[in-house]
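Notes follow once the structure below has been shown.
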Amino acid sequence: MALQTNSCSGNAAVTMEQLCKWYGSFQVLHNVDLSVAVGERIVVCGPSGSGKSTLVRCINQLETHEKGRLIVNGVELYKGMKGLAELRRDVGMVFQQFNLFPHLTVLDNCTLALVRARKLARDQAEEIAMENLKKVRIPEQAHKFPTQLSGGQQQRVAIARALCMKPKLMLFDEPTSALDPEMIKEVLDVMTELARDGMTMICVTHEMGFAREVADRIIFMDSGRIIEQAAPSKFFKNPEHPRAQQFLGQMLH
Amino acid sequence: MSFFAILRSIYEGFGITAAVATLGLLFAIPFAVIAGVLQHFATGPLRWIVTAVIEFWRSSSVIVLLYAFYYTLPAFGIFLSGITVGAMVLGFNIGGYGSQSVRAALQSLNKGQREAGLALGLSRFDVLRLIELPQAITAMFPTFINQAIQLIKGTTLVSLIALTDMTFRAKQISELGYNPVGIYSALALSYLILCYPVTIFGRHVERRFATRKAR
Amino acid sequence: MNFNFSFAIEIVPRVLEGIGNTVMIAIISFIGAAALGLFWELLRRSHATVRPVVQFVIDAIRSTPALVQIYFLFFVLPYYGVTLPALLVGSFGLSFYYSGYMSEVFKAGIDAVPAGQSEAAQSLGLSWADMIRFVILPQMLRNVAAPLGAYSISILKSTPLLAVISVPELLGSALDVASDTYRYAEPMFDVGVLFLAMSLVAVAGITQLERRLGLTAPSH
C-alpha cells in the first residue's frame, strides 16, 4: 500500500526521517534525516565507508532500510513493497561502473526500458533515445556496443539511458571515480548542464570543483551519520565539524 | 564389401543418430536453462529438490541410466519408445551438465547489470529475460558446443537398446563377413566426419571468446 | 506393475560381484589417460612441426565416441594377432578416449604457469627436459588437480561401457543376472542405484582429498 504524502511534505522530492540500516550487526546508516526539494542539487561527500553510497542506493531501494521512513516522489518506500518497478522508472541512477548492458548497442541500452517498461513503440523510443544521446553529445555512437567506447563516453551513455525515462530525480553514485582524469570533465560538463536545466540531483562525488559550482547544498557524512550540511560557500570556507575540516584538508591539498 | 560400400551402409543409420541427437537437444536445452535458473534463484526446499534432480541426471552413468530406464520403466507400467528413452536420458544427462554452466554464467555476471536494470524500473523477470540470460547464454556458448558434441557421441549408446543407428549398422555389417579393420575404421570415420568440424568450430569460438574477455 | 522389490534386493550380492573389476578398470584407465594425455601435451609443445599433427590426433580422439574406440581396439587388435584380456583392451580404450581430454587439462595447467617461469629457467641454462621436470610440472600439478579429479569421476561412470565387450564389471554382472533370470527390470534398477551411489561417494571423496592436500584452486 503506497502512502500518498504529497500534501504534507510539500514539494519535497525525497524525505528521510530517522533512516537506519544495518549490514549484519554493523550499522551503516544512523538516524538519517534529510529533505531534498524538487529542483534542488545535493552533493553528498565524506570519507569512504561513511555510508554515502548506501544512502543514495536506498532512494531507489537497491538497498532497503530497516528503520525510519523514506518518501520518494510522494510515495513511502518500505521493504517488500509492491509496485517498486514503476516508482524506479521516475528515479534515474548513474553508477560508478557505468553498468551498461554489453550485449546491447548504445541505442538499445537507451530504448530497452522505454519499450519494455514504458511500453512505447520502438520508433518513438528511438526518437527519445537519440534526443538524449544528443544532449550528452554522443549521438554518432548510437549503433556501437558499449565496449567500443571510452569510459567517459560510456558514462555519458549511462546518463542518457537514465534521462530517457524522464526521471523526476537523478541519483549519481560516484560517477567519475572509475574514469581516467582526462575523461572526468566531459562527464561533469554533462552533469552541470543537467543541473542548469533544473533537474533534481543527488550526487555522491569527490569532485569538489563541481560541488562548489553546482550544488545548492553539501551533505557531509561520516560513520553513517550526516554530520554537517551547508551551502557550498559556507561549507568550503568554514566547515564547523572537525571531521569535515580534516576531510576538506585532505581533498584540497 | 569395399570400404566405400561399408561407409554407405553405415550411413543408413544416420537418420536414427541424427534424430536421437536432435531430440536429445530438445530435452537438454530447456532442462539446462530452467534447472540452471531455478537453482540460481530458488531457496529452501525448492532449491534442494532442483539440486537433487540435477545431480541425479548428472551424477549417474549415462549407459547405466539408459539400460535402467529402458528395462525398468515398463515394469512400472510406463512404456516409452527406444528413441524417446534414448533422447530423454542423453538429453537430461547433458542438460544436467548444461544447467551448471547456466548457473555459473548467471553467478559470474556483474551484479551491477541487475542493479542497472532494476534502477531503470524493469521487473525482476524482465531483468532476467532481457539482461541476465542473454549475457549468460552468450558466455556459455563455447561450453554449449562441447556439450552438443558429447551428446552426438553419446547417441552411439542407443545401439545397445536395439536402435539402428550408425553403430548398430556397423555391428550388423560385421555379422555378414569378417572385416574388422574396414568396418570399424569406417565407423570411426563416420563419427569423425560428423563431429570433427564441430570440434574445430568449438575451438575457434573458444579462442575468440578468450580474446574478447582479455580486451 | 510387476516390479519385484524383494527380488531386486535379493540379487544385489550377485550384481556386486562385478565391483572389483569396475574399480580396477577405473584405476587403470585413469592412470593410462593421464599418462597418455600428458604425453600428447608434451609432444604438442616440443616442436612446431609436430604441433598440428598432434593437435589433429587430439581433436580426432575427441570427435569419436568412446564406444566406437573400444569396439575398434577389441575387434581390430586380434586381426593383427594381438590378443589381450578384454578388461585390458577396454581399459586401453577408455585411456585413449580420455587422453584427448586430459591433454587439454594439461595444456591449460601449463599455460597458467607464468611465462616468466620458463624464461627464467631458460636463462639459467636448464635443458628443455629439466625445465619441464623441475620448473613447469611441479607448478602445473596444482592447476590440474581439480579437473583431473572431475575426469576420474567421468571415467568411473564410463566403465560400464566395457560390458559391451563382455567384461564382467557391475553392468556386466547385472546383465548376466538378467539373462539367467529373464528379468531385466530389477538388475538394471540395482545397477542404476549402485552407480549413482558410487558416483556421489566418489565426488565426496575427491572433494575431501583435494581439501586434505590443499589442492583446491584458490578462489579469486
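Identifiers for the C-alpha cells are assigned positionally: chains receive A, B, ... in sequence, residues are indexed from 1 per chain, and ligands are indexed from 1 in the order shown.
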
Could you please select, counting only C-alpha atoms, the residues of chain B within 10 Å of chain A and state them as a PDB file with N, CA and C atoms, in the first residue's frame?
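File produced: selection-v8.pdb:
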```pdb
ATOM      1  N   ASN B 110      28.325  -9.560 -13.441  1.00  0.00           N
ATOM      2  CA  ASN B 110      28.474  -8.446 -12.519  1.00  0.00           C
ATOM      3  C   ASN B 110      27.100  -8.054 -11.955  1.00  0.00           C
ATOM      4  N   LYS B 111      26.993  -7.874 -10.638  1.00  0.00           N
ATOM      5  CA  LYS B 111      25.679  -7.564 -10.079  1.00  0.00           C
ATOM      6  C   LYS B 111      25.206  -6.161 -10.469  1.00  0.00           C
ATOM      7  N   GLY B 112      26.134  -5.355 -10.956  1.00  0.00           N
ATOM      8  CA  GLY B 112      25.766  -4.041 -11.478  1.00  0.00           C
ATOM      9  C   GLY B 112      24.783  -4.129 -12.634  1.00  0.00           C
ATOM     10  N   GLN B 113      24.859  -5.224 -13.401  1.00  0.00           N
ATOM     11  CA  GLN B 113      23.924  -5.417 -14.513  1.00  0.00           C
ATOM     12  C   GLN B 113      22.492  -5.514 -14.004  1.00  0.00           C
ATOM     13  N   ARG B 114      22.319  -6.307 -12.957  1.00  0.00           N
ATOM     14  CA  ARG B 114      20.988  -6.478 -12.376  1.00  0.00           C
ATOM     15  C   ARG B 114      20.508  -5.136 -11.794  1.00  0.00           C
ATOM     16  N   GLU B 115      21.416  -4.475 -11.073  1.00  0.00           N
ATOM     17  CA  GLU B 115      21.034  -3.213 -10.429  1.00  0.00           C
ATOM     18  C   GLU B 115      20.645  -2.155 -11.452  1.00  0.00           C
ATOM     19  N   ALA B 116      21.420  -2.100 -12.558  1.00  0.00           N
ATOM     20  CA  ALA B 116      21.105  -1.098 -13.576  1.00  0.00           C
ATOM     21  C   ALA B 116      19.729  -1.368 -14.167  1.00  0.00           C
ATOM     22  N   GLY B 117      19.412  -2.627 -14.392  1.00  0.00           N
ATOM     23  CA  GLY B 117      18.097  -2.980 -14.927  1.00  0.00           C
ATOM     24  C   GLY B 117      16.979  -2.634 -13.963  1.00  0.00           C
ATOM     25  N   LEU B 118      17.175  -2.945 -12.694  1.00  0.00           N
ATOM     26  CA  LEU B 118      16.163  -2.624 -11.681  1.00  0.00           C
ATOM     27  C   LEU B 118      16.006  -1.114 -11.544  1.00  0.00           C
ATOM     28  N   ALA B 119      17.141  -0.402 -11.582  1.00  0.00           N
ATOM     29  CA  ALA B 119      17.088   1.054 -11.428  1.00  0.00           C
ATOM     30  C   ALA B 119      16.314   1.699 -12.564  1.00  0.00           C
ATOM     31  N   LEU B 120      16.298   1.042 -13.737  1.00  0.00           N
ATOM     32  CA  LEU B 120      15.526   1.588 -14.860  1.00  0.00           C
ATOM     33  C   LEU B 120      14.041   1.284 -14.717  1.00  0.00           C
ATOM     34  N   GLY B 121      13.702   0.498 -13.708  1.00  0.00           N
ATOM     35  CA  GLY B 121      12.287   0.207 -13.483  1.00  0.00           C
ATOM     36  C   GLY B 121      11.801  -1.038 -14.200  1.00  0.00           C
ATOM     37  N   LEU B 122      12.727  -1.899 -14.642  1.00  0.00           N
ATOM     38  CA  LEU B 122      12.306  -3.174 -15.233  1.00  0.00           C
ATOM     39  C   LEU B 122      11.923  -4.138 -14.111  1.00  0.00           C
ATOM     40  N   SER B 123      10.979  -5.041 -14.397  1.00  0.00           N
ATOM     41  CA  SER B 123      10.604  -6.033 -13.393  1.00  0.00           C
ATOM     42  C   SER B 123      11.747  -7.042 -13.247  1.00  0.00           C
ATOM     43  N   ARG B 124      11.772  -7.781 -12.123  1.00  0.00           N
ATOM     44  CA  ARG B 124      12.839  -8.756 -11.901  1.00  0.00           C
ATOM     45  C   ARG B 124      12.885  -9.784 -13.027  1.00  0.00           C
ATOM     46  N   ASP B 126      11.865  -9.358 -16.163  1.00  0.00           N
ATOM     47  CA  ASP B 126      12.406  -8.727 -17.372  1.00  0.00           C
ATOM     48  C   ASP B 126      13.915  -8.575 -17.281  1.00  0.00           C
ATOM     49  N   VAL B 127      14.419  -8.269 -16.082  1.00  0.00           N
ATOM     50  CA  VAL B 127      15.873  -8.144 -15.913  1.00  0.00           C
ATOM     51  C   VAL B 127      16.525  -9.479 -16.228  1.00  0.00           C
ATOM     52  N   LEU B 130      15.834 -10.154 -20.241  1.00  0.00           N
ATOM     53  CA  LEU B 130      16.385  -9.243 -21.236  1.00  0.00           C
ATOM     54  C   LEU B 130      17.848  -8.910 -20.984  1.00  0.00           C
ATOM     55  N   ILE B 131      18.306  -9.020 -19.737  1.00  0.00           N
ATOM     56  CA  ILE B 131      19.660  -8.568 -19.428  1.00  0.00           C
ATOM     57  C   ILE B 131      20.562  -9.728 -18.985  1.00  0.00           C
ATOM     58  N   GLU B 132      20.099 -10.520 -18.017  1.00  0.00           N
ATOM     59  CA  GLU B 132      20.999 -11.537 -17.467  1.00  0.00           C
ATOM     60  C   GLU B 132      21.118 -12.765 -18.377  1.00  0.00           C
ATOM     61  N   PRO B 134      20.468 -13.316 -21.686  1.00  0.00           N
ATOM     62  CA  PRO B 134      21.190 -13.185 -22.955  1.00  0.00           C
ATOM     63  C   PRO B 134      22.704 -13.174 -22.755  1.00  0.00           C
ATOM     64  N   GLN B 135      23.163 -12.487 -21.714  1.00  0.00           N
ATOM     65  CA  GLN B 135      24.609 -12.440 -21.471  1.00  0.00           C
ATOM     66  C   GLN B 135      25.125 -13.791 -20.986  1.00  0.00           C
ATOM     67  N   THR B 138      25.269 -16.210 -23.983  1.00  0.00           N
ATOM     68  CA  THR B 138      26.404 -15.910 -24.847  1.00  0.00           C
ATOM     69  C   THR B 138      27.691 -16.417 -24.209  1.00  0.00           C
ATOM     70  N   ARG B 212      38.210 -11.930 -26.521  1.00  0.00           N
ATOM     71  CA  ARG B 212      37.246 -10.868 -26.245  1.00  0.00           C
ATOM     72  C   ARG B 212      37.255 -10.523 -24.750  1.00  0.00           C
ATOM     73  N   ARG B 215      40.231  -8.355 -23.709  1.00  0.00           N
ATOM     74  CA  ARG B 215      40.223  -6.962 -24.112  1.00  0.00           C
ATOM     75  C   ARG B 215      39.682  -6.032 -23.052  1.00  0.00           C
TER      76      ARG B 215
END
```

Legend entry - At most 9 Å to chain C: residues in chain B, only C-alpha atoms, as a PyMOL selection string: chain B and resi 55-56+59-65+67-77+149-150+152-157+160+167+179-181+183-185+187-200

Inset, instruction - Using DSSP on the backbone coordinates, identify the residues of region 7-56 of chain A assigned to strand (DSSP E); present them as JSON, numbers by chain. - result: {"A": [12, 13, 14, 15, 16, 17, 18, 19, 20, 21, 22, 23, 26, 27, 28, 29, 30, 31, 32, 33, 34, 35, 36, 37, 41, 42, 43, 44, 45]}

Legend entry - Atomic separation - CA of Val14 (chain A) relative to CA of Glu207 (chain A), Å: 22.9 Å

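In this model, the gap between CA of Thr49 (chain C) and CA of Ala34 (chain C) comes to 23.8 Å.
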
Inset, instruction - Excluding Ile34 (chain B) and residues on its chain fewer than 3 positions from it, collect all residues at most 10 Å away from it, counting only C-alpha atoms, and give them as a ChimeraX atom specification. - result: /B:29-31,37-40,50,95,99,102-103

Inset, instruction - Check the DSSP output for the backbone and give back, as a PyMOL selection string, the residues of region 80-208 of chain A in alpha helix (DSSP H). - result: chain A and resi 84-88+106-116+122-135+151-163+181-196+208

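CA of Ala230 (chain A) is found 22.8 Å from CA of Arg69 (chain A).
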